[in-house]
Amino acid sequence: MQNYLASAVGKSQSHEGDPLEKPDSDAGNPRFRVWSLYHKSSAVLLNTLASFAGSTATFALVCALIIAWAVGGVFVNDTDIWQISMQDVSSIGCYLWDITLLFAQQQDNQELSELLSHLQASGARQAKLMQLLQKAEALGKPVSHPYTAIKLEPDSHHSQMDFESLPRKSWYDSLADKASMVAGSPFSQAIYAAGIILWLAYGPRMGFNDAWQLDVNTATAVELMLMTTFLQNTKGRHRLYMHRCIRLISLVDDETEARLDAAALENQIIEYGSRNVDDLPCLLGCHAHSKASRVAYTCVNTYAKFMGSVGGISLSLLLLGLWLGLGKVMGYNNSNWWLIIGTYTGLAGFIDAFVLRNVMKRQSMHLLNHCDLLDISDATVGSLLNLPSIQAPLCPKRGCCHRVSMKMGQAAAHIATVFLAAAVVVGLLITATAMAWTQTAQLLCNTPTMIIEGAMLLVLMMAHMSGHQYMRARLQTFLERRLAIQSALDQGHVN
């Protein structure tokens with residue numbers, strides 16, 4: 001899709017009476033004000049973190065840390081602590097990025113849910129208005145109520161933007177796109193698998209000692225740091241596209257309804273109903289068929305909601321403070337102390353990764369189901385205006401690697417997989433406790449989870465990108481339909 005005029009974007013962002021904003025009936029309640037302030041400050045903090053996570057500055061910082069760590073290894077005597085330090089930085093970074101991704105996913109889902117609910121209710125009302133205007137023989141002439149012209153044209157303020165490719169503002173955006181494509185390719189996955197096989201083959205020669213585990217942990221730590229940074233960049237630009245498109249869709253839809261309202265008023269049509277989203281299906285619900293399933297989904301949703309908020313950040317800061325305090329007791333030169341924070345963030349991040357995929361999959365399915373309902377509503381309005389059908393995009397046929405990525409994504413997003421991941425973590429904790437939490441025990445907690453997470457990130461990269469692309473295509477279709485309705489009202493094209 002071509003770019004939007006900068007004036008239209010500005011208009012949409014400052015548009016008063018946004019249908020997505022609802023008045024708060026409890027605004028005078030002191031508890032509500034405190035909660036509202038907490039919610040807004042949480043959103044600002046996490047939005048800032050999410051923006052920073054995908055920025056060029058973050059990539060430069062990550063590269064600087066890796067280079068400094070590599071150079072510092074020449075002068076460090078204790079190679080164990082040197083390698084563990086990289087694991088700690090990677091685990092903490094991935095853990096924080098998972099929290100921001102959980103927040104962004106829930107925020108995007110809420111915004112899209114409200115938009116689709118609004119558009120469904122608005123579409124039903126517009127169809128009713130058009131039918132009444134048709135009966136009054138008033139829809140066969142142009143509707144001249146003033147409106148803001150919005151066109152899909154390039155401009156000097158925004159780079160080229162369409163649903164197949166994300167907007168690029170810097171060299172790093174281009175690098176992140178290419179790196180994501182390469183990372184999700186069979187070649188990269190084959191290299192990763194070969195590296196793990198080679199590492200396993202060296203196990204007997206090295207006696208399966210701590211150094212053997214540290215080697216693979218360090219390598220996967222570097223890979224996770226870089227890939228997560230690229231993923232944050234592409235996710236952030238995907239969100240930017242969606243937010244622009246959502247605002248424009250809302251603006252065009254509101255103006256269409258305002259023009260129909262004006263035409264109805266001119267023709268003395270009074271009884272034509274109002275919007276009502278209360279009867280629309282809930283997009284956030286969970287359609288579980290058993291009590292056990294409902295409990296499982298409730299647990300996952302509660303965990304995701306907590307971790308994807310300031311609560312998750314607060315818990316992280318609390319545990320970081322406890323870890324620093326423990327350093328005075330254990331000694332800052334103790335490799336066991338260095339491993340503790342990496343072990344916690346690694347295990348927690350392992351669970352977060354599967355929770356994130358489960359939440360993303362379920363919310364995407366609900367949104368796409370309601371996109372299908374909106375297609376029906378749009379078809380009704382389009383038929384009243386004798387508009388040519390603008391079809392929803394079809395899922396493109398992909399190659400074998402993409403199908404494998406999608407299948408892996410479905411398996412990773414299954415509710416049973418989330419609880420299996422939690423069971424793995426519990427098993428590792430029990431094993432580490434039986435081994436008295438020695439360095440070997442902590443490495444045993446880190447090694448399998450980091451290998452699995454590193455492999456899953458590569459395999460699922462392709463599925464993430466195609467899923468985002470398909471959602472952008474659906475939003476583009478909704479916008480194009482509404483612009484076609486505006487044009488039909490201008491020209492008086494009706495049955």
# chains A, B, ... in the order shown; residues from 1 in each chain; ligands from 1
>>> residues_around(residues="A:Ala379", least_positions_apart="6", cutoff="12 Å", atoms="only C-alpha atoms", output="ChimeraX atom specification")
/A:120,123-124,127,372-373,385-392,478,481-482,485
>>> residues_around(residues="A:Ser90", least_positions_apart="4", cutoff="8 Å", atoms="only C-alpha atoms", output="JSON, numbers by chain")
{"A": [86, 94, 221, 222, 224, 225]}
>>> write_last_selection(atoms="C-alpha atoms", output="mmCIF file, in the first residue's frame")
data_model
loop_
_atom_site.group_PDB
_atom_site.id
_atom_site.type_symbol
_atom_site.label_atom_id
_atom_site.label_comp_id
_atom_site.auth_asym_id
_atom_site.auth_seq_id
_atom_site.Cartn_x
_atom_site.Cartn_y
_atom_site.Cartn_z
ATOM 1 C CA MET A 86 27.795 -13.011 28.422
ATOM 2 C CA CYS A 94 15.942 -11.533 26.351
ATOM 3 C CA ALA A 221 23.657 -16.339 24.190
ATOM 4 C CA VAL A 222 25.223 -14.251 21.409
ATOM 5 C CA LEU A 224 19.747 -14.895 21.097
ATOM 6 C CA MET A 225 20.923 -11.321 21.763
#
>>> atom_distance(atom1="atom CA of A:Arg239", atom2="atom CA of A:Ala104")
8.4 Å
>>> closest_residue(among="A:Met365, A:Ala183, A:Leu489, A:Leu248", to="A:Gln410", atoms="only C-alpha atoms")
A:Met365
>>> residues_around(residues="stretch 447-458 of chain A", least_positions_apart="6", cutoff="8 Å", atoms="only C-alpha atoms", output="PyMOL selection string")
chain A and resi 183-184+188-189+192+213+216-217+220-221+223-224+227+346-347+350+353
>>> residues_around(residues="A:Gln442", least_positions_apart="4", cutoff="7 Å", atoms="only C-alpha atoms", output="tab-separated table (two decimals) with N, CA and C atoms, in the first residue's frame")
chain	number	residue	atom	x	y	z
A	339	LEU	N	26.15	-17.04	37.98
A	339	LEU	CA	25.20	-17.87	37.26
A	339	LEU	C	23.76	-17.71	37.74
A	343	THR	N	20.50	-17.93	35.46
A	343	THR	CA	19.66	-19.12	35.57
A	343	THR	C	18.20	-18.73	35.73
A	432	ALA	N	18.61	-29.54	39.91
A	432	ALA	CA	19.63	-28.63	40.42
A	432	ALA	C	19.65	-28.64	41.95
A	437	TRP	N	22.86	-27.15	43.87
A	437	TRP	CA	23.02	-25.89	43.14
A	437	TRP	C	24.49	-25.53	42.89
A	438	THR	N	25.25	-26.54	42.51
A	438	THR	CA	26.63	-26.31	42.12
A	438	THR	C	26.67	-25.62	40.76
A	446	ASN	N	20.62	-24.14	32.44
A	446	ASN	CA	20.73	-23.17	31.35
A	446	ASN	C	20.86	-23.81	29.98
>>> closest_residue(among="A:Leu119, A:Ala423, A:Val359, A:Met181", to="A:Leu475", atoms="only C-alpha atoms")
A:Leu119
>>> atom_distance(atom1="atom CA of A:Trp323", atom2="atom CA of A:Thr433")
18.0 Å
>>> select_by_dssp(residues="stretch 250-400 of chain A", states="alpha helix (DSSP H)", output="JSON, numbers by chain")
{"A": [250, 251, 252, 253, 254, 255, 256, 257, 258, 259, 260, 261, 262, 263, 264, 265, 266, 291, 292, 293, 294, 295, 296, 297, 298, 299, 300, 301, 302, 303, 304, 305, 306, 307, 310, 311, 312, 313, 314, 315, 316, 317, 318, 319, 320, 321, 322, 323, 324, 325, 326, 327, 328, 329, 330, 335, 336, 337, 338, 339, 340, 341, 342, 343, 344, 345, 346, 347, 348, 349, 350, 351, 352, 353, 354, 355, 356, 357, 358, 359, 360, 361, 362, 363, 364, 365, 366, 367, 368, 369, 370, 371, 372, 373, 374, 375, 376, 377, 378, 379, 380, 381, 382, 383, 384, 400]}
>>> residues_around(residues="A:Asn333", least_positions_apart="5", cutoff="10 Å", atoms="only C-alpha atoms", output="PyMOL selection string")
chain A and resi 78+81+327+338
